[in-house]
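*Asks:* What follows is coords_32.cif, made up of mmCIF, C-alpha atoms and all ligand atoms:
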data_target
loop_
_atom_site.label_atom_id
_atom_site.label_comp_id
_atom_site.auth_asym_id
_atom_site.auth_seq_id
_atom_site.Cartn_x
_atom_site.Cartn_y
_atom_site.Cartn_z
CA MET A 1 -28.34 -6.63 22.78
CA LEU A 2 -25.53 -4.75 21.12
CA LYS A 3 -21.96 -5.97 21.09
CA ALA A 4 -19.45 -3.15 20.55
CA ILE A 5 -16.65 -4.10 18.16
CA PHE A 6 -13.86 -1.54 18.27
CA THR A 7 -11.79 -1.65 15.07
CA LEU A 8 -8.53 0.29 14.97
CA ASP A 9 -6.83 1.19 11.69
CA TYR A 10 -3.17 0.77 12.53
CA GLU A 11 -0.95 2.92 10.29
CA ILE A 12 1.17 6.07 9.93
CA HIS A 13 0.00 9.27 8.17
CA GLY A 14 -1.67 8.81 4.77
CA ASN A 15 1.11 10.69 2.98
CA GLY A 16 3.78 8.22 4.18
CA THR A 17 5.30 10.44 6.88
CA GLY A 18 5.50 10.10 10.63
CA SER A 19 7.04 7.85 13.24
CA SER A 20 5.55 4.37 13.41
CA TYR A 21 6.36 4.32 17.11
CA ALA A 22 4.54 7.56 17.89
CA LEU A 23 1.58 6.89 15.56
CA MET A 24 1.09 3.15 16.01
CA VAL A 25 2.95 1.47 18.89
CA GLU A 26 2.69 4.08 21.65
CA PRO A 27 -1.00 5.04 21.22
CA THR A 28 -2.05 1.41 20.75
CA ASN A 29 -0.27 0.48 23.99
CA ARG A 30 -2.24 3.17 25.80
CA LEU A 31 -5.46 2.07 24.13
CA LEU A 32 -4.93 -1.58 25.07
CA ARG A 33 -4.19 -0.58 28.65
CA GLN A 34 -7.36 1.49 28.81
CA PHE A 35 -9.46 -1.25 27.19
CA ASP A 36 -8.12 -3.85 29.62
CA MET A 37 -9.34 -1.72 32.54
CA TYR A 38 -12.93 -2.07 31.29
CA GLY A 39 -12.74 -5.59 29.82
CA ALA A 40 -13.12 -4.06 26.34
CA LYS A 41 -11.79 -5.83 23.24
CA LEU A 42 -9.83 -4.24 20.41
CA THR A 43 -9.59 -5.45 16.81
CA ILE A 44 -6.41 -4.03 15.29
CA MET A 45 -6.80 -3.61 11.52
CA ALA A 46 -3.11 -3.84 10.67
CA ASP A 47 -2.08 -2.15 7.44
CA ILE A 48 -0.02 -4.86 5.85
CA GLY A 49 1.22 -2.62 3.03
CA GLU A 50 3.16 -0.50 5.52
CA ILE A 51 4.19 -3.23 7.93
CA LEU A 52 5.74 -5.35 5.17
CA LYS A 53 7.69 -2.30 4.01
CA PHE A 54 8.92 -1.61 7.55
CA LYS A 55 10.04 -5.26 7.82
CA LYS A 56 11.89 -5.14 4.50
CA PHE A 57 13.54 -1.85 5.44
CA ALA A 58 14.91 -3.40 8.66
CA GLU A 59 16.14 -6.49 6.81
CA GLU A 60 17.81 -4.57 3.99
CA GLN A 61 19.21 -1.64 5.97
CA GLY A 62 20.09 -3.63 9.08
CA SER A 63 18.39 -0.91 11.13
CA ASP A 64 14.86 -1.13 12.46
CA ASP A 65 14.03 2.56 11.98
CA TYR A 66 10.32 1.81 11.44
CA ASN A 67 10.01 -0.31 14.59
CA TYR A 68 9.04 -3.51 12.86
CA GLU A 69 10.04 -5.57 15.90
CA ALA A 70 7.92 -3.47 18.27
CA ILE A 71 4.95 -3.67 15.89
CA ALA A 72 5.20 -7.46 15.55
CA ARG A 73 5.53 -7.78 19.33
CA GLN A 74 2.52 -5.55 19.89
CA LEU A 75 0.33 -7.55 17.50
CA CYS A 76 1.39 -10.81 19.23
CA ASP A 77 0.73 -9.29 22.68
CA ALA A 78 -2.72 -8.14 21.57
CA ILE A 79 -3.64 -11.70 20.53
CA ARG A 80 -2.18 -13.04 23.78
CA GLY A 81 -4.34 -10.57 25.72
CA GLY A 82 -7.58 -11.75 24.05
CA HIS A 83 -7.81 -8.94 21.48
CA ASP A 84 -7.79 -9.48 17.72
CA VAL A 85 -5.72 -8.50 14.69
CA GLN A 86 -7.20 -8.47 11.19
CA LEU A 87 -6.31 -7.33 7.69
CA HIS A 88 -6.20 -3.74 6.48
CA ILE A 89 -4.57 -2.92 3.14
CA HIS A 90 -3.21 0.39 1.88
CA SER A 91 -2.40 -0.92 -1.57
CA SER A 92 -0.28 2.11 -2.59
CA TYR A 93 2.47 0.91 -0.20
CA PHE A 94 3.20 -2.34 -2.02
CA ASN A 95 5.37 -0.53 -4.62
CA ALA A 96 6.38 2.30 -2.27
CA CYS A 97 10.01 3.34 -1.98
CA HIS A 98 11.76 5.00 0.90
CA ASP A 99 13.06 8.47 0.24
CA ASN A 100 14.62 10.83 2.70
CA GLY A 101 12.67 9.69 5.76
CA HIS A 102 9.30 9.07 4.22
CA TRP A 103 7.50 6.59 1.99
CA VAL A 104 6.75 7.57 -1.58
CA GLN A 105 3.67 5.60 -2.53
CA ASP A 106 2.54 4.32 -5.90
CA TYR A 107 -0.60 6.37 -6.43
CA SER A 108 -1.58 4.34 -9.48
CA GLU A 109 -2.40 1.62 -6.93
CA TYR A 110 -4.07 3.93 -4.42
CA ASP A 111 -7.65 2.80 -5.01
CA PHE A 112 -7.78 -0.82 -3.83
CA ALA A 113 -11.17 -1.57 -5.41
CA ARG A 114 -9.92 -0.63 -8.87
CA LEU A 115 -6.91 -2.95 -8.92
CA SER A 116 -6.89 -5.96 -11.23
CA TRP A 117 -8.07 -9.27 -9.78
CA ASP A 118 -4.54 -10.73 -9.85
CA ARG A 119 -2.92 -7.75 -8.16
CA MET A 120 -5.58 -7.63 -5.49
CA ASP A 121 -5.28 -11.38 -4.92
CA GLU A 122 -1.51 -11.06 -4.54
CA MET A 123 -1.90 -8.41 -1.82
CA VAL A 124 -4.62 -10.19 0.14
CA LYS A 125 -2.76 -13.50 -0.03
CA GLN A 126 0.45 -11.90 1.19
CA GLY A 127 -1.30 -10.02 4.01
CA LYS A 128 -3.23 -12.99 5.28
CA ALA A 129 -0.15 -15.25 5.16
CA PHE A 130 1.90 -12.65 7.02
CA LEU A 131 -0.63 -12.29 9.85
CA GLU A 132 -1.23 -16.01 10.23
CA THR A 133 2.49 -16.82 10.23
CA LEU A 134 3.13 -14.13 12.84
CA LEU A 135 0.18 -14.86 15.11
CA ARG A 136 -0.34 -18.63 15.05
CA PRO A 137 2.65 -19.31 17.31
CA VAL A 138 0.76 -17.22 19.90
CA ASN A 139 -2.66 -18.74 19.23
CA PRO A 140 -2.71 -21.85 16.99
CA ASN A 141 -6.39 -21.18 16.23
CA TYR A 142 -5.76 -17.66 14.93
CA GLN A 143 -7.34 -16.97 11.54
CA CYS A 144 -7.25 -13.87 9.38
CA LYS A 145 -10.86 -13.64 8.23
CA VAL A 146 -11.82 -9.97 8.33
CA PHE A 147 -10.83 -7.21 5.93
CA ARG A 148 -11.00 -3.43 5.60
CA ALA A 149 -9.78 -1.56 2.52
CA ALA A 150 -7.83 1.69 2.78
CA ASN A 151 -10.12 4.69 2.52
CA TRP A 152 -13.12 2.31 2.72
CA SER A 153 -12.71 1.63 -0.98
CA VAL A 154 -14.56 -1.58 -1.88
CA CYS A 155 -16.53 -0.19 -4.82
CA PRO A 156 -16.75 -1.53 -7.54
CA SER A 157 -16.96 -4.74 -5.58
CA GLN A 158 -16.84 -7.67 -8.04
CA ASN A 159 -13.06 -8.19 -7.69
CA VAL A 160 -13.06 -7.39 -3.99
CA ASN A 161 -15.78 -9.92 -3.26
CA SER A 162 -14.25 -12.68 -5.34
CA VAL A 163 -10.66 -12.12 -4.12
CA LEU A 164 -11.62 -12.02 -0.45
CA THR A 165 -13.67 -15.21 -0.55
CA ASN A 166 -10.98 -16.87 -2.68
CA ASN A 167 -8.58 -16.24 0.22
CA GLY A 168 -10.89 -17.42 2.98
CA ILE A 169 -11.84 -13.93 4.19
CA ILE A 170 -15.48 -14.09 5.20
CA VAL A 171 -16.15 -10.60 6.57
CA ASP A 172 -15.59 -7.17 5.07
CA THR A 173 -15.98 -4.13 7.31
CA SER A 174 -15.34 -1.20 4.97
CA VAL A 175 -18.87 -0.04 4.18
CA PHE A 176 -20.71 2.69 6.12
CA LYS A 177 -24.21 3.52 4.96
CA HIS A 178 -24.71 7.05 3.58
CA GLY A 179 -20.96 7.31 2.85
CA LYS A 180 -19.88 8.82 -0.46
CA ARG A 181 -16.46 9.77 -1.86
CA GLN A 182 -15.35 11.17 -5.15
CA GLY A 183 -11.70 11.77 -5.92
CA ARG A 184 -8.76 9.48 -5.29
CA VAL A 185 -11.25 6.78 -4.35
CA ASN A 186 -14.84 6.62 -5.52
CA PHE A 187 -17.74 4.99 -3.77
CA ASP A 188 -21.37 5.54 -2.94
CA TYR A 189 -22.79 3.56 -0.01
CA THR A 190 -26.14 5.37 0.06
CA ALA A 191 -27.98 2.20 -0.86
CA ALA A 192 -26.15 -0.06 1.62
CA PHE A 193 -28.42 -2.71 3.13
CA SER A 194 -28.15 -1.47 6.74
CA THR A 195 -26.41 0.91 9.10
CA LEU A 196 -25.95 -1.88 11.63
CA VAL A 197 -27.31 -5.32 10.69
CA PRO A 198 -24.69 -7.48 8.90
CA TRP A 199 -25.66 -8.95 5.54
CA ARG A 200 -24.51 -11.60 3.08
CA THR A 201 -23.31 -9.56 0.14
CA ASN A 202 -24.29 -9.83 -3.49
CA GLU A 203 -21.17 -10.85 -5.45
CA ASN A 204 -21.60 -7.90 -7.83
CA ASP A 205 -22.62 -5.29 -5.31
CA ILE A 206 -21.29 -5.27 -1.76
CA CYS A 207 -24.07 -2.89 -0.66
CA ALA A 208 -26.79 -5.35 -1.62
CA GLN A 209 -27.96 -8.39 0.32
CA SER A 210 -28.04 -11.84 -1.24
CA ASP A 211 -29.26 -15.01 0.47
CA ASN A 212 -26.41 -17.14 -0.82
CA GLY A 213 -23.60 -14.57 -0.69
CA LYS A 214 -20.31 -15.93 0.69
CA LEU A 215 -18.91 -12.64 1.98
CA TRP A 216 -20.52 -10.91 4.95
CA GLU A 217 -20.53 -7.15 5.38
CA PHE A 218 -20.34 -5.87 8.96
CA PRO A 219 -20.99 -2.16 8.33
CA ILE A 220 -19.28 0.50 10.43
CA TYR A 221 -22.22 2.00 12.34
CA SER A 222 -23.32 5.26 10.76
CA GLU A 223 -26.10 7.81 10.81
CA LYS A 224 -27.08 10.67 8.56
CA ARG A 225 -26.54 13.80 10.61
CA TRP A 226 -26.40 17.56 10.39
CA ILE A 227 -22.87 18.99 10.18
CA GLY A 228 -23.07 20.38 13.74
CA ALA A 229 -22.85 16.80 15.06
CA PHE A 230 -19.34 16.61 13.61
CA LEU A 231 -17.91 19.43 15.65
CA THR A 232 -15.74 17.94 18.38
CA LEU A 233 -12.28 18.95 19.58
CA GLN A 234 -10.95 15.64 18.36
CA ARG A 235 -12.25 16.22 14.85
CA ILE A 236 -10.66 19.66 14.74
CA TYR A 237 -7.41 17.96 15.78
CA ARG A 238 -7.89 15.45 12.93
CA VAL A 239 -8.41 18.23 10.38
CA PHE A 240 -5.30 19.98 11.69
CA LEU A 241 -3.25 16.76 11.36
CA GLY A 242 -4.69 16.15 7.90
CA ARG A 243 -3.54 19.61 6.75
CA LEU A 244 -0.12 19.08 8.25
CA HIS A 245 0.40 15.70 6.56
CA LYS A 246 -1.43 16.37 3.31
CA LEU A 247 -1.07 13.97 0.39
CA THR A 248 1.08 15.78 -2.11
CA ASP A 249 0.15 15.41 -5.74
CA SER A 250 3.74 14.96 -6.83
CA PRO A 251 4.00 15.30 -10.62
CA GLY A 252 3.79 12.00 -12.43
CA SER A 253 2.71 10.04 -9.39
CA LEU A 254 -1.01 10.51 -9.81
CA PRO A 255 -2.93 9.23 -12.80
CA VAL A 256 -4.52 12.15 -14.61
CA ASN A 257 -8.05 10.85 -14.17
CA ILE A 258 -7.93 11.14 -10.39
CA VAL A 259 -6.66 14.72 -10.20
CA LEU A 260 -9.81 16.70 -9.68
CA PRO A 261 -10.25 20.32 -10.68
CA ARG A 262 -10.55 22.63 -7.70
CA LYS A 263 -14.04 24.03 -7.29
CA ARG A 264 -14.71 27.39 -5.70
CA ASN A 265 -17.51 27.16 -3.20
CA SER A 266 -20.32 29.64 -3.78
CA TYR A 267 -22.15 31.03 -0.73
CA LEU A 268 -25.10 28.89 -1.74
CA GLY A 269 -22.84 25.83 -1.89
CA VAL A 270 -21.47 26.52 1.58
CA TRP A 271 -25.00 27.05 2.92
CA LYS A 272 -26.14 23.77 1.33
CA GLY A 273 -23.18 22.02 2.95
CA PHE A 274 -24.32 23.27 6.36
CA THR A 275 -27.95 22.29 5.94
CA LYS A 276 -27.36 18.94 4.22
CA LYS A 277 -27.00 15.79 6.30
CA HIS A 278 -23.76 13.82 6.09
CA ALA A 279 -22.61 10.31 6.98
CA TRP A 280 -21.56 10.29 10.62
CA LYS A 281 -19.52 7.22 11.57
CA ALA A 282 -19.20 5.79 15.08
CA ASP A 283 -15.58 6.87 15.28
CA PHE A 284 -14.17 6.44 18.76
CA ASN A 285 -11.30 8.83 18.09
CA GLN A 286 -13.26 11.66 16.56
CA CYS A 287 -16.54 11.54 18.50
CA GLY A 288 -16.85 12.39 22.17
CA GLY A 289 -17.76 9.69 24.70
CA GLN A 290 -21.20 11.25 25.32
CA GLN A 291 -21.92 11.36 21.58
CA LEU A 292 -21.06 7.66 21.32
CA ILE A 293 -23.32 6.81 24.27
CA LYS A 294 -26.23 8.61 22.59
CA ALA A 295 -25.58 6.84 19.26
CA LEU A 296 -25.43 3.47 21.00
CA GLU A 297 -28.75 4.23 22.71
CA ARG A 298 -30.35 5.26 19.41
CA ALA A 299 -29.16 2.03 17.80
CA GLU A 300 -30.48 0.09 20.78
CA LYS A 301 -33.89 1.72 20.47
CA LYS A 302 -34.15 0.66 16.84
CA TYR A 303 -33.51 -2.96 17.73
CA ALA A 304 -34.93 -2.92 21.26
CA ASN A 305 -37.43 -5.70 20.66
CA GLU A 306 -34.86 -8.01 19.24
CA LYS A 307 -33.55 -10.57 21.68
CA ILE A 308 -30.65 -11.43 19.45
CA GLU A 309 -27.22 -9.86 19.51
CA PHE A 310 -26.09 -7.32 16.91
CA PRO A 311 -22.60 -5.94 16.32
CA PHE A 312 -22.14 -2.19 16.78
CA VAL A 313 -18.95 -1.64 14.78
CA LEU A 314 -16.85 1.40 15.67
CA ILE A 315 -13.80 2.68 13.83
CA GLY A 316 -10.68 4.42 15.11
CA HIS A 317 -7.10 5.22 14.10
CA SER A 318 -4.10 4.68 16.36
CA LYS A 319 -2.53 7.91 15.06
CA LEU A 320 -5.45 9.95 16.44
CA PHE A 321 -5.54 8.48 19.93
CA SER A 322 -4.45 11.55 21.86
CA ARG A 323 -4.46 11.98 25.65
CA TYR A 324 -7.62 14.06 25.27
CA ASN A 325 -9.27 11.22 23.37
CA GLU A 326 -8.21 8.81 26.10
CA TRP A 327 -10.01 11.02 28.61
CA SER A 328 -13.14 11.46 26.47
CA LEU A 329 -13.46 7.75 25.61
CA GLY A 330 -13.47 6.62 29.26
CA PRO A 331 -17.18 7.36 29.93
CA PHE A 332 -18.25 5.39 26.85
CA LEU A 333 -16.27 2.31 27.89
CA ALA A 334 -17.59 2.65 31.44
CA TYR A 335 -21.17 2.96 30.17
CA ILE A 336 -20.95 -0.31 28.22
CA ALA A 337 -19.25 -2.10 31.12
CA LYS A 338 -21.96 -0.85 33.52
CA HIS A 339 -24.87 -2.29 31.49
CA PRO A 340 -24.00 -5.90 30.74
CA GLU A 341 -27.66 -6.80 30.26
CA ARG A 342 -27.86 -4.43 27.29
CA PHE A 343 -24.35 -4.11 25.89
CA SER A 344 -21.11 -6.05 25.71
CA PHE A 345 -17.62 -5.86 24.22
CA GLY A 346 -16.66 -8.32 21.54
CA LEU A 347 -14.80 -9.48 18.46
CA PHE A 348 -15.96 -10.53 14.99
CA ALA A 349 -15.23 -14.17 15.87
CA ASP A 350 -17.88 -14.03 18.64
CA PHE A 351 -20.62 -14.22 16.01
CA GLN A 352 -21.49 -17.67 14.69
CA LEU A 353 -22.31 -16.43 11.22
CA ASP A 354 -24.43 -19.30 9.92
CA GLU A 355 -26.50 -19.32 13.08
CA MET A 356 -26.81 -15.55 13.44
CA GLY A 357 -27.50 -15.15 9.74
CA LYS A 358 -30.89 -16.82 10.11
CA THR A 359 -32.00 -14.49 12.89
CA TRP A 360 -30.46 -11.33 11.42
CA GLY A 361 -32.13 -12.16 8.11
CA ALA A 362 -35.53 -11.92 9.78
CA VAL A 363 -34.88 -8.40 11.07
CA ASN A 364 -36.14 -5.31 9.34
CA ALA A 365 -32.77 -3.76 8.58
CA GLU A 366 -32.43 -0.15 7.48
ZN ZN A 401 -6.13 2.92 6.75
#
Could the structure of this file be written out as structure tokens, please?
Ligand SMILES: [Zn+2]

*Replies:*
Amino acid sequence: MLKAIFTLDYEIHGNGTGSSYALMVEPTNRLLRQFDMYGAKLTIMADIGEILKFKKFAEEQGSDDYNYEAIARQLCDAIRGGHDVQLHIHSSYFNACHDNGHWVQDYSEYDFARLSWDRMDEMVKQGKAFLETLLRPVNPNYQCKVFRAANWSVCPSQNVNSVLTNNGIIVDTSVFKHGKRQGRVNFDYTAAFSTLVPWRTNENDICAQSDNGKLWEFPIYSEKRWIGAFLTLQRIYRVFLGRLHKLTDSPGSLPVNIVLPRKRNSYLGVWKGFTKKHAWKADFNQCGGQQLIKALERAEKKYANEKIEFPFVLIGHSKLFSRYNEWSLGPFLAYIAKHPERFSFGLFADFQLDEMGKTWGAVNAE
């Protein structure tokens, strides 16, 4: 049995531009409406760095230009409707200032995993308190217990692990096996314990399993695939948006050690890029519905003999939820809804971790 957990990173463009209504509120409304039609559940990973800035802007300027009220209402409505809201942190927003219609971020704090313990603790504490204060009047049992770092950056993981557990966060969902980044953030998840089976993390290495680890990793489902598998209309749209809202390396704002020299690709390099396999995430905004169905079936095959339930964690971004995506996602939602004996929709809180841990631990994860 696989339980699909749809996580939605809820934020504006990475470079601090864009309308929070058009990129967060409006698409998430459409997504919630579509999910409700199929009985699907959404976990909104709310970027607290941005939302706290939007709130402060409204309080200080007396004008809610960044739609803080609509955002807060939407998060409350999601909880009321049986969906979930959990913690996402773009740390570079905590010191951001507003300038001429966009947010100038503090790039020295861009890589969450490389912040000091105290700074990280301050952000997590603030984010968790904000969500619980906002959402407990709607559901007194609401708890902020799940975390995702901006740009999946939880490596090195000593501080991340210790800060999260110190704040009562018991699940991280940033890791995707085979993932690698070098640049503004740096991580290598090649050795991650599993593509799908959650694990108790080693306190010094989030990718490694440890029997007495306090923090669980629920990996975003991933596979190693040839580059052709990445070609979808939605992904082309994402690349186009990325170019349009590029992070600008404004002088002085980026520490020298994270400005990388530009490399010219040789023909051999380009060819290698085409033939090499890359980390393909179950991204419900960038993959087509049919692609997601096939991936779900492959994951099911791997764990077909297991009678226990496993999470199949998908990732998405509200800013990418176009009308085309809405159309292409429908068949995937319908497919899950049509096979309740094999698949279901769910939330992180549906898994009794201590109980499930024993059975998951016995599975041959890869
Ligand atoms: Zn994000």

*Asks:* With ligand ZN 401 (chain A) as the partner and 7 Å as the cut-off, tabulate the residues of chain A that qualify, each row holding the nearest pair of atoms and their distance in Å to one decimal, using only C-alpha atoms and all ligand atoms, sorted by chain and rising number, as a tab-separated table.

*Replies:*
residue	atom	partner	partner_atom	distance
A:Asp9	CA	A:ZN401	ZN	5.3
A:Tyr10	CA	A:ZN401	ZN	6.8
A:Glu11	CA	A:ZN401	ZN	6.3
A:Asp47	CA	A:ZN401	ZN	6.5
A:His88	CA	A:ZN401	ZN	6.7
A:His90	CA	A:ZN401	ZN	6.2
A:Ala150	CA	A:ZN401	ZN	4.5
A:Asn151	CA	A:ZN401	ZN	6.1

*Asks:* So how far away is CA of Arg238 in chain A from CA of Ser19 in chain A, in Å?

*Replies:*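 Computing the Euclidean distance for CA of Ser19 in chain A and CA of Arg238 in chain A yields 16.8 Å.
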
*Asks:* When you count all atoms listed in the file, which of these residues is closest to Val197 in chain A: A:Gln126, A:Thr359, A:Ser210, A:Thr28?

*Replies:* A:Thr359

*Asks:* For Leu42 in chain A, which residue among A:Gly346, A:Pro27, A:Pro340, A:Gly183 is the nearest when counting all atoms listed in the file?

*Replies:*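 Between A:Gly346, A:Pro27, A:Pro340, A:Gly183, the residue approaching Leu42 in chain A most closely is A:Gly346.
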
*Asks:* Show me, as an MDAnalysis selection string, the residues that have an atom within 12 Å of Trp216 in chain A when counting all atoms listed in the file, minus same-chain residues fewer than 6 positions from it.

*Replies:* chainID A and resid 145:147 161 164:165 168:175 193 197:203 205:210 348 351:354 356:357 360

*Asks:* Mind giving me the straight-line distance from CA of Gly127 in chain A to CA of Ala58 in chain A in Å, one decimal?

*Replies:*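 Taking CA of Gly127 in chain A as the start and CA of Ala58 in chain A as the end point, the length is 18.1 Å.
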
*Asks:* So, counting only C-alpha atoms, which residue among A:His102, A:Arg136, A:Arg148, A:Arg342 is closest to Leu87 in chain A?

*Replies:*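 Comparing A:His102, A:Arg136, A:Arg148, A:Arg342 against Leu87 in chain A, the winner is A:Arg148.
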
*Asks:* Here is a test: counting only C-alpha atoms, which residue of A:Phe176, A:Phe321, A:Phe310, A:Phe6 is nearest to Phe343 in chain A?

*Replies:*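 For Phe343 in chain A, the nearest of the given residues is A:Phe310.
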
*Asks:* Would you mind reading off the distance between CA of Lys281 in chain A and CA of Ser153 in chain A, one decimal, in Å?

*Replies:*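 So the two atoms, CA of Lys281 in chain A and CA of Ser153 in chain A, lie 15.3 Å apart.
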
*Asks:* Would you please work out which residue, of A:Ile51, A:Val138, A:Gly101, A:Tyr221, is nearest to Glu300 in chain A when using all atoms listed in the file?

*Replies:*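 Checking each candidate against Glu300 in chain A, we get A:Tyr221 as the closest.
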